[in-house]
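Participant: Input query-v7.tsv, format and content: TSV, C-alpha atoms.
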chain	number	residue	atom	x	y	z
A	1	MET	CA	43.86	119.92	125.29
A	2	ASP	CA	40.27	120.05	126.49
A	3	ASN	CA	37.98	123.05	126.96
A	4	VAL	CA	38.98	123.50	130.61
A	5	ASP	CA	42.66	123.85	129.74
A	6	LEU	CA	41.96	126.19	126.83
A	7	ASP	CA	40.03	128.42	129.23
A	8	VAL	CA	43.09	128.44	131.50
A	9	LEU	CA	45.28	129.71	128.65
A	10	ARG	CA	42.77	132.45	127.88
A	11	GLN	CA	42.78	133.49	131.54
A	12	VAL	CA	46.59	133.42	131.57
A	13	ALA	CA	46.68	135.74	128.54
A	14	ALA	CA	44.33	138.18	130.25
A	15	TRP	CA	46.40	138.20	133.43
A	16	SER	CA	49.64	138.72	131.51
A	17	LYS	CA	48.11	141.54	129.47
A	18	ALA	CA	47.18	143.23	132.75
A	19	GLY	CA	50.84	143.06	133.81
A	20	ARG	CA	50.47	140.32	136.40
A	21	GLY	CA	53.03	137.61	137.03
A	22	VAL	CA	51.82	134.10	136.22
A	23	VAL	CA	53.17	130.60	136.75
A	24	LEU	CA	51.77	127.90	134.45
A	25	GLY	CA	51.82	124.32	135.69
A	26	THR	CA	51.55	121.40	133.25
A	27	ILE	CA	51.08	117.81	134.41
A	28	THR	CA	54.00	115.88	132.92
A	29	ARG	CA	53.68	112.54	134.75
A	30	THR	CA	51.43	110.73	137.16
A	31	TRP	CA	51.89	107.52	139.13
A	32	GLY	CA	48.80	105.68	140.31
A	33	SER	CA	45.37	107.20	139.76
A	34	ALA	CA	45.23	110.94	139.15
A	35	PRO	CA	42.31	113.41	139.04
A	36	ARG	CA	43.48	115.01	135.75
A	37	PRO	CA	45.35	113.51	132.78
A	38	VAL	CA	48.89	114.28	131.66
A	39	GLY	CA	48.95	117.59	129.78
A	40	SER	CA	46.33	119.28	131.98
A	41	VAL	CA	47.28	122.76	133.15
A	42	VAL	CA	46.81	125.06	136.12
A	43	ALA	CA	47.86	128.69	136.41
A	44	VAL	CA	48.58	130.78	139.51
A	45	ARG	CA	48.71	134.57	139.48
A	46	ASP	CA	51.25	136.49	141.57
A	47	ASP	CA	48.62	137.25	144.22
A	48	GLY	CA	47.47	133.63	144.53
A	49	ALA	CA	44.49	133.71	142.15
A	50	ILE	CA	44.19	130.39	140.39
A	51	ALA	CA	42.75	129.07	137.13
A	52	GLY	CA	42.33	125.43	136.28
A	53	SER	CA	42.84	122.30	138.31
A	54	VAL	CA	45.26	119.37	138.53
A	55	SER	CA	43.99	117.67	141.70
A	56	GLY	CA	41.08	117.67	144.10
A	57	GLY	CA	42.23	121.07	145.36
A	58	CYS	CA	45.05	120.32	147.80
A	59	ILE	CA	47.86	120.76	145.29
A	60	GLU	CA	46.24	123.98	144.13
A	61	ASP	CA	46.16	125.19	147.74
A	62	ASP	CA	49.84	124.36	148.09
A	63	LEU	CA	50.66	126.24	144.89
A	64	ILE	CA	48.76	129.29	146.12
A	65	ALA	CA	50.62	129.20	149.43
A	66	ARG	CA	53.98	128.92	147.66
A	67	VAL	CA	53.18	131.87	145.40
A	68	ARG	CA	52.18	134.03	148.35
A	69	GLU	CA	55.37	133.05	150.16
A	70	GLY	CA	57.47	133.94	147.14
A	71	ALA	CA	58.64	130.38	146.65
A	72	LEU	CA	57.57	130.37	143.00
A	73	ASN	CA	59.53	133.42	141.92
A	74	LEU	CA	61.24	131.19	139.38
A	75	ALA	CA	64.09	132.15	137.08
A	76	GLY	CA	63.01	129.44	134.65
A	77	PRO	CA	60.93	126.27	134.32
A	78	ARG	CA	61.17	123.82	137.21
A	79	LEU	CA	59.86	120.31	137.77
A	80	GLN	CA	57.94	119.76	141.00
A	81	ARG	CA	56.46	116.58	142.47
A	82	TRP	CA	53.70	116.06	145.00
A	83	GLY	CA	52.60	112.96	146.88
A	84	VAL	CA	55.72	110.80	146.73
A	85	GLY	CA	54.84	109.00	149.95
A	86	ALA	CA	51.52	107.75	151.31
A	87	GLU	CA	51.23	110.48	153.94
A	88	GLU	CA	51.97	113.30	151.50
A	89	ALA	CA	49.73	111.71	148.86
A	90	THR	CA	46.84	111.74	151.30
A	91	ARG	CA	47.58	115.34	152.22
A	92	PHE	CA	47.41	116.41	148.58
A	93	GLY	CA	44.27	114.49	147.75
A	94	LEU	CA	46.01	111.79	145.71
A	95	PRO	CA	45.46	108.05	146.09
A	96	CYS	CA	47.68	106.44	148.71
A	97	GLY	CA	51.21	106.34	147.32
A	98	GLY	CA	50.20	108.31	144.20
A	99	THR	CA	52.44	110.95	142.68
A	100	LEU	CA	51.80	113.91	140.40
A	101	GLU	CA	54.53	115.86	138.61
A	102	LEU	CA	54.15	119.42	137.31
A	103	MET	CA	56.37	121.51	135.10
A	104	LEU	CA	56.15	124.97	136.64
A	105	GLU	CA	56.78	127.65	134.03
A	106	PRO	CA	57.03	131.39	134.83
A	107	LEU	CA	55.42	133.11	131.86
A	108	THR	CA	57.17	135.84	129.90
A	109	GLY	CA	56.89	137.33	126.44
A	110	ALA	CA	58.92	134.37	125.21
A	111	SER	CA	56.18	131.97	126.37
A	112	MET	CA	54.18	132.67	123.17
A	113	ILE	CA	50.78	132.35	124.85
A	114	ASP	CA	49.15	135.08	122.74
A	115	GLU	CA	50.60	133.61	119.56
A	116	LEU	CA	49.40	130.13	120.56
A	117	LEU	CA	45.88	131.36	121.20
A	118	ALA	CA	45.82	133.24	117.89
A	119	ARG	CA	46.67	130.05	116.02
A	120	LEU	CA	44.12	128.06	118.01
A	121	ASP	CA	41.47	130.65	117.14
A	122	LEU	CA	42.19	129.89	113.47
A	123	GLY	CA	41.41	126.24	114.11
A	124	GLU	CA	45.03	125.13	113.85
A	125	ARG	CA	46.63	122.32	115.79
A	126	VAL	CA	49.93	123.44	117.28
A	127	CYS	CA	53.01	121.85	118.82
A	128	ARG	CA	54.50	123.94	121.65
A	129	THR	CA	58.12	123.23	122.57
A	130	LEU	CA	59.40	124.76	125.82
A	131	ASP	CA	63.19	125.02	126.26
A	132	LEU	CA	63.79	124.21	129.92
A	133	ALA	CA	67.10	126.07	130.07
A	134	SER	CA	65.96	129.41	128.64
A	135	GLY	CA	62.17	129.31	129.00
A	136	ALA	CA	61.83	130.17	125.31
A	137	VAL	CA	59.01	128.61	123.31
A	138	VAL	CA	58.79	127.51	119.68
A	139	LEU	CA	55.44	126.90	118.00
A	140	SER	CA	55.31	124.51	115.06
A	141	ALA	CA	53.10	122.11	113.16
A	142	PRO	CA	52.08	119.06	115.22
A	143	LEU	CA	54.35	116.06	115.38
A	144	ALA	CA	53.39	112.45	114.81
A	145	GLY	CA	51.41	111.15	117.78
A	146	ALA	CA	50.06	114.65	118.28
A	147	ASP	CA	47.96	113.74	121.28
A	148	LEU	CA	51.05	112.93	123.37
A	149	LEU	CA	53.13	114.99	125.79
A	150	SER	CA	56.89	114.55	125.80
A	151	VAL	CA	59.36	115.76	128.43
A	152	ASN	CA	63.09	115.25	129.00
A	153	GLU	CA	65.93	117.16	130.63
A	154	ARG	CA	65.99	119.69	127.76
A	155	GLN	CA	62.42	120.38	126.70
A	156	LEU	CA	58.70	119.96	127.26
A	157	ILE	CA	56.59	119.31	124.16
A	158	THR	CA	52.83	119.72	124.35
A	159	HIS	CA	50.16	119.71	121.65
A	160	HIS	CA	47.24	122.08	121.45
A	161	GLY	CA	44.44	122.58	119.00
A	162	PRO	CA	40.89	121.85	118.00
A	163	GLN	CA	38.88	119.42	120.00
A	164	TRP	CA	38.39	115.96	118.57
A	165	ARG	CA	35.72	116.24	115.92
A	166	LEU	CA	32.82	113.94	115.08
A	167	LEU	CA	30.67	114.05	111.95
A	168	ILE	CA	27.47	112.02	112.21
A	169	ILE	CA	25.49	111.18	109.09
A	170	GLY	CA	21.80	110.98	109.98
A	171	ALA	CA	19.64	112.78	112.53
A	172	GLY	CA	17.70	109.83	113.92
A	173	GLN	CA	17.16	108.69	117.49
A	174	MET	CA	20.58	107.12	117.96
A	175	THR	CA	22.25	110.31	116.77
A	176	ARG	CA	20.79	112.20	119.71
A	177	TYR	CA	22.51	109.87	122.16
A	178	LEU	CA	25.78	109.62	120.24
A	179	ALA	CA	26.02	113.39	119.81
A	180	SER	CA	25.14	114.12	123.44
A	181	MET	CA	27.72	111.66	124.77
A	182	ALA	CA	30.36	112.90	122.33
A	183	LEU	CA	29.82	116.49	123.45
A	184	GLY	CA	30.46	115.34	127.01
A	185	LEU	CA	33.80	113.92	125.82
A	186	ASP	CA	34.80	117.29	124.30
A	187	TYR	CA	34.13	116.40	120.67
A	188	GLN	CA	32.98	119.09	118.30
A	189	VAL	CA	29.87	117.52	116.77
A	190	LEU	CA	28.47	118.15	113.30
A	191	ILE	CA	25.32	116.30	112.19
A	192	CYS	CA	24.44	115.93	108.51
A	193	ASP	CA	21.00	114.96	107.26
A	194	PRO	CA	19.35	116.36	104.12
A	195	ARG	CA	16.07	114.59	104.94
A	196	GLU	CA	13.47	117.07	106.20
A	197	GLU	CA	11.53	114.48	108.18
A	198	TYR	CA	14.58	113.87	110.38
A	199	ALA	CA	16.56	117.09	110.43
A	200	ASP	CA	13.60	119.35	111.16
A	201	GLY	CA	12.95	117.66	114.49
A	202	LEU	CA	16.52	117.68	115.79
A	203	VAL	CA	17.38	120.24	118.45
A	204	LEU	CA	20.60	119.52	120.31
A	205	ALA	CA	22.50	122.24	122.15
A	206	GLY	CA	26.20	122.25	121.34
A	207	ALA	CA	25.93	120.33	118.06
A	208	LYS	CA	25.63	121.86	114.60
A	209	LEU	CA	23.28	120.57	111.90
A	210	THR	CA	23.72	120.82	108.15
A	211	ARG	CA	21.24	119.91	105.43
A	212	GLU	CA	23.83	119.55	102.66
A	213	MET	CA	24.52	116.26	100.92
A	214	PRO	CA	26.88	113.95	102.85
A	215	ASP	CA	29.71	113.81	100.30
A	216	ASP	CA	29.88	117.60	100.15
A	217	VAL	CA	29.75	117.81	103.95
A	218	VAL	CA	32.61	115.34	104.39
A	219	THR	CA	34.71	117.25	101.87
A	220	ALA	CA	34.07	120.55	103.65
A	221	PHE	CA	34.61	118.90	107.04
A	222	ALA	CA	38.10	117.88	105.82
A	223	PRO	CA	38.62	114.99	108.27
A	224	ASP	CA	42.07	114.81	109.81
A	225	GLY	CA	43.73	112.51	112.32
A	226	HIS	CA	41.57	113.96	115.11
A	227	SER	CA	38.28	113.38	113.26
A	228	ALA	CA	35.70	110.61	113.21
A	229	VAL	CA	32.87	109.99	110.75
A	230	VAL	CA	29.97	107.70	111.68
A	231	ALA	CA	27.12	106.91	109.28
A	232	LEU	CA	23.79	106.10	110.94
A	233	THR	CA	21.05	106.63	108.35
A	234	HIS	CA	20.60	103.01	107.14
A	235	ASP	CA	20.15	104.64	103.71
A	236	PRO	CA	22.91	103.56	101.28
A	237	LYS	CA	22.30	106.64	99.15
A	238	LEU	CA	23.39	108.82	102.08
A	239	ASP	CA	25.77	106.64	104.06
A	240	ASP	CA	27.75	105.53	101.00
A	241	LEU	CA	28.22	109.12	99.83
A	242	ALA	CA	29.78	110.01	103.16
A	243	LEU	CA	31.87	106.86	103.45
A	244	MET	CA	33.38	107.10	99.99
A	245	GLU	CA	34.95	110.43	100.99
A	246	ALA	CA	35.68	109.63	104.63
A	247	LEU	CA	37.60	106.43	103.83
A	248	LYS	CA	39.97	108.41	101.61
A	249	SER	CA	40.72	110.83	104.45
A	250	PRO	CA	43.10	110.62	107.44
A	251	ALA	CA	40.13	110.30	109.85
A	252	PHE	CA	41.11	108.15	112.82
A	253	TYR	CA	37.70	106.44	112.85
A	254	VAL	CA	35.14	105.72	110.12
A	255	GLY	CA	32.14	103.60	111.03
A	256	ALA	CA	28.71	102.64	109.74
A	257	ILE	CA	25.74	100.97	111.38
A	258	GLY	CA	24.32	97.77	109.94
A	259	SER	CA	24.69	94.00	110.01
A	260	ARG	CA	27.74	92.13	108.77
A	261	VAL	CA	25.80	91.04	105.65
A	262	ASN	CA	24.96	94.62	104.80
A	263	GLN	CA	28.49	95.76	105.58
A	264	SER	CA	29.75	93.24	103.04
A	265	LYS	CA	27.29	94.55	100.44
A	266	ARG	CA	28.31	98.12	101.27
A	267	LYS	CA	32.00	97.38	100.72
A	268	ALA	CA	31.20	95.74	97.38
A	269	ARG	CA	29.27	98.86	96.30
A	270	LEU	CA	32.04	101.19	97.42
A	271	ALA	CA	34.62	99.18	95.51
A	272	GLU	CA	32.56	98.75	92.35
A	273	HIS	CA	30.96	102.20	92.00
A	274	PHE	CA	33.44	104.48	93.77
A	275	GLY	CA	36.72	102.68	93.21
A	276	LEU	CA	37.78	102.35	96.83
A	277	SER	CA	40.76	100.09	97.41
A	278	ASP	CA	40.91	97.09	99.72
A	279	GLU	CA	43.15	99.10	102.03
A	280	GLN	CA	40.63	101.93	102.25
A	281	LEU	CA	37.72	99.55	102.79
A	282	ALA	CA	39.62	97.80	105.58
A	283	ARG	CA	39.45	101.06	107.56
A	284	LEU	CA	35.64	100.87	107.74
A	285	HIS	CA	34.36	99.79	111.16
A	286	GLY	CA	31.15	97.95	110.56
A	287	PRO	CA	29.15	96.76	112.33
A	288	VAL	CA	30.11	99.87	114.26
A	289	GLY	CA	30.95	99.81	117.97
A	290	LEU	CA	32.28	97.34	120.53
A	291	HIS	CA	30.68	94.08	121.61
A	292	ILE	CA	29.20	95.07	124.97
A	293	GLY	CA	25.79	93.43	124.58
A	294	ALA	CA	24.18	96.74	123.61
A	295	ARG	CA	20.52	96.67	122.58
A	296	THR	CA	19.04	100.15	122.96
A	297	PRO	CA	20.04	103.32	121.05
A	298	PRO	CA	21.91	104.84	124.03
A	299	GLU	CA	23.74	101.55	124.66
A	300	ILE	CA	24.74	101.33	121.00
A	301	ALA	CA	25.91	104.95	121.10
A	302	LEU	CA	28.01	104.07	124.13
A	303	SER	CA	29.56	101.12	122.28
A	304	ILE	CA	30.49	103.39	119.36
A	305	LEU	CA	32.16	105.97	121.58
A	306	ALA	CA	33.97	103.21	123.47
A	307	HIS	CA	35.40	101.96	120.18
A	308	MET	CA	36.34	105.48	119.10
A	309	THR	CA	38.14	105.97	122.41
A	310	ALA	CA	40.07	102.74	121.97
A	311	GLU	CA	41.12	103.82	118.47
A	312	ARG	CA	42.25	107.21	119.75
A	313	TYR	CA	44.59	105.62	122.25
A	314	GLY	CA	45.79	102.83	120.00
A	315	VAL	CA	44.27	99.99	122.06
A	316	ARG	CA	44.48	96.68	120.23
A	317	LEU	CA	41.17	94.81	120.37
A	318	SER	CA	40.33	91.20	119.61
A	319	SER	CA	37.84	90.21	116.93
A	320	SER	CA	35.32	89.16	119.58
A	321	GLN	CA	35.45	92.64	121.12
A	322	LEU	CA	34.70	94.19	117.74
A	323	ARG	CA	31.36	92.45	117.23
A	324	SER	CA	28.96	95.33	117.41
A	325	GLY	CA	26.14	95.94	119.82
A	326	ALA	CA	24.41	97.44	116.78
A	327	GLU	CA	24.52	94.06	115.07
A	328	GLU	CA	23.22	92.19	118.10
A	329	GLY	CA	20.55	94.80	118.75
A	330	GLY	CA	18.61	93.79	115.67
A	331	CYS	CA	20.03	96.28	113.17
A	332	ALA	CA	19.66	94.07	110.13
A	333	VAL	CA	19.77	96.82	107.49
Transcribe the structure of this file into structure tokens.

Facilitator:
Amino acid sequence: MDNVDLDVLRQVAAWSKAGRGVVLGTITRTWGSAPRPVGSVVAVRDDGAIAGSVSGGCIEDDLIARVREGALNLAGPRLQRWGVGAEEATRFGLPCGGTLELMLEPLTGASMIDELLARLDLGERVCRTLDLASGAVVLSAPLAGADLLSVNERQLITHHGPQWRLLIIGAGQMTRYLASMALGLDYQVLICDPREEYADGLVLAGAKLTREMPDDVVTAFAPDGHSAVVALTHDPKLDDLALMEALKSPAFYVGAIGSRVNQSKRKARLAEHFGLSDEQLARLHGPVGLHIGARTPPEIALSILAHMTAERYGVRLSSSQLRSGAEEGGCAV
């Protein structure tokens, strides 16, 4: 769930608290290109007010019209499709022949929206299971594959929680680009650099900066399966401290800048001095990023985020794709 959809849930809670009727729509499937991904939500109030978006606007207009006509006075959740044919797809702003499917859910006290938001405010990640027969909701700990939506004839399962998180070790030039791009992808960004000559000059709206030592920061950060740690200082005293903790964690991505020669030396140090296993060391992406011919700091940052995105979605990459732009860009340390 991204920031836009979280804002929709907050608006839904406010409307419900004011005694208004609300229908929540969740994208369950798309065919062809679609403006919003599966899991995105839209909400329509009983007078036609709308929050969120699932298309370029035409589906939202249709939802508003249906609400005002009373067509969405639902007794329970209902699946609705738009754009099955080319003509209707064009009408609803979808690519020719595209289709978008929404689960329309009339919200009640059993919808657990307030309870969901309370758990999200505590930083929890939550699995929400909607019973399609009764409309009742159960909140639980996230399931395996917690970034996935599941729907069948009995239930809709969605996952909600903290944004993907990124911890960057080092506050140098490349960090500015990596952090800025990551913020645009809805990562929560924390930057760690105890060095005054770097940290004092970093001002980046939306990202937090800490001056603590990297190993302590990683421990406090508590990386989980929705977390990434990327070391960019070129200083083994700092990068290694972070990596020795990050590689023991469930973080979905751990990377470090530097050439293949220096990555080999780094792994030897981590094994000899910190006791990391071969399995843990195999999780280290280094040289970090994808092979896209990157040379400049922003290009290298792009290659790192591209690799992180591939890891998030389980994309299998060849060895040639994993040669880093950082390596080719002259990062020999």

Participant: I'd like the contact shell of region 15-22 of chain A - 6 Å cut-off, all atoms listed in the file, skipping same-chain residues fewer than 2 positions apart - returned as a VMD selection string.

Facilitator: chain A and resid 12 to 13 44 to 46 107

Participant: Please indicate the distance in Å from CA of Met181 (chain A) to CA of Glu124 (chain A), rounded to one decimal place.

Facilitator: 24.5 Å

Participant: Here is a test: counting only C-alpha atoms, which residue of A:Asp121, A:Glu115, A:Glu153, A:Asp215 is nearest to Leu139 (chain A)?

Facilitator: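 Closest to Leu139 (chain A), using only C-alpha atoms: A:Glu115.
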
Participant: Taking (60.0, 126.2, 120.7) in the file's own coordinates, collect the residues within 9 Å, counting all atoms listed in the file, and hand them back as a list of chain:residue names.

Facilitator: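 Answer for this query, in the requested form: A:Ser111, A:Cys127, A:Arg128, A:Thr129, A:Leu130, A:Asp131, A:Ala136, A:Val137, A:Val138, A:Leu139, A:Ser140, A:Gln155, A:Ile157.
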
Participant: Neighbouring residues of region 306-318 of chain A were defined as those with any atom within 9 Å, considering only C-alpha atoms; residues of the same chain fewer than 3 positions away were excluded. Please report them as a VMD selection string.

Facilitator: chain A and resid 147 226 228 252 to 253 288 to 290 301 to 303 321 to 322

Participant: Name the residues, using the chain letters and numbers of the file, that sit within 9 Å of (30.9, 117.9, 106.1) when counting all atoms listed in the file, and give them as number ranges by chain.

Facilitator: A: 167, 190-192, 210, 212-223, 242

Participant: Take the selection from the previous step and output its residues with C-alpha atoms, as a PDB file, keeping the file's coordinate frame.

Facilitator:
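To be explicit, this is the file written out as out_14.pdb:
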ATOM      1  CA  LEU A 167      30.670 114.050 111.950  1.00  0.00           C
ATOM      2  CA  LEU A 190      28.470 118.150 113.300  1.00  0.00           C
ATOM      3  CA  ILE A 191      25.320 116.300 112.190  1.00  0.00           C
ATOM      4  CA  CYS A 192      24.440 115.930 108.510  1.00  0.00           C
ATOM      5  CA  THR A 210      23.720 120.820 108.150  1.00  0.00           C
ATOM      6  CA  GLU A 212      23.830 119.550 102.660  1.00  0.00           C
ATOM      7  CA  MET A 213      24.520 116.260 100.920  1.00  0.00           C
ATOM      8  CA  PRO A 214      26.880 113.950 102.850  1.00  0.00           C
ATOM      9  CA  ASP A 215      29.710 113.810 100.300  1.00  0.00           C
ATOM     10  CA  ASP A 216      29.880 117.600 100.150  1.00  0.00           C
ATOM     11  CA  VAL A 217      29.750 117.810 103.950  1.00  0.00           C
ATOM     12  CA  VAL A 218      32.610 115.340 104.390  1.00  0.00           C
ATOM     13  CA  THR A 219      34.710 117.250 101.870  1.00  0.00           C
ATOM     14  CA  ALA A 220      34.070 120.550 103.650  1.00  0.00           C
ATOM     15  CA  PHE A 221      34.610 118.900 107.040  1.00  0.00           C
ATOM     16  CA  ALA A 222      38.100 117.880 105.820  1.00  0.00           C
ATOM     17  CA  PRO A 223      38.620 114.990 108.270  1.00  0.00           C
ATOM     18  CA  ALA A 242      29.780 110.010 103.160  1.00  0.00           C
TER      19      ALA A 242
END

Participant: Show me, as a list in words, the residues that have an atom within 8 Å of Ala182 (chain A) when counting all atoms listed in the file, minus same-chain residues fewer than 6 positions from it.

Facilitator: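 Using all atoms listed in the file, the neighbours found are Leu166, Gln188, Val189 and Leu305 of chain A.
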
Participant: Excluding same-chain residues fewer than 4 positions from Arg68 (chain A), what lies within 9 Å of it counting all atoms listed in the file, as a PDB file with C-alpha atoms, keeping the file's coordinate frame?

Facilitator:
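Contents of the output file out-v3.pdb:
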ATOM      1  CA  ASP A  46      51.250 136.490 141.570  1.00  0.00           C
ATOM      2  CA  ASP A  47      48.620 137.250 144.220  1.00  0.00           C
ATOM      3  CA  GLY A  48      47.470 133.630 144.530  1.00  0.00           C
ATOM      4  CA  LEU A  63      50.660 126.240 144.890  1.00  0.00           C
ATOM      5  CA  ILE A  64      48.760 129.290 146.120  1.00  0.00           C
ATOM      6  CA  LEU A  72      57.570 130.370 143.000  1.00  0.00           C
TER       7      LEU A  72
END

Participant: State, in Å with one decimal place, the distance from CA of Thr26 (chain A) to CA of Val41 (chain A).

Facilitator: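 Result for CA of Thr26 (chain A) versus CA of Val41 (chain A): 4.5 Å, one decimal.
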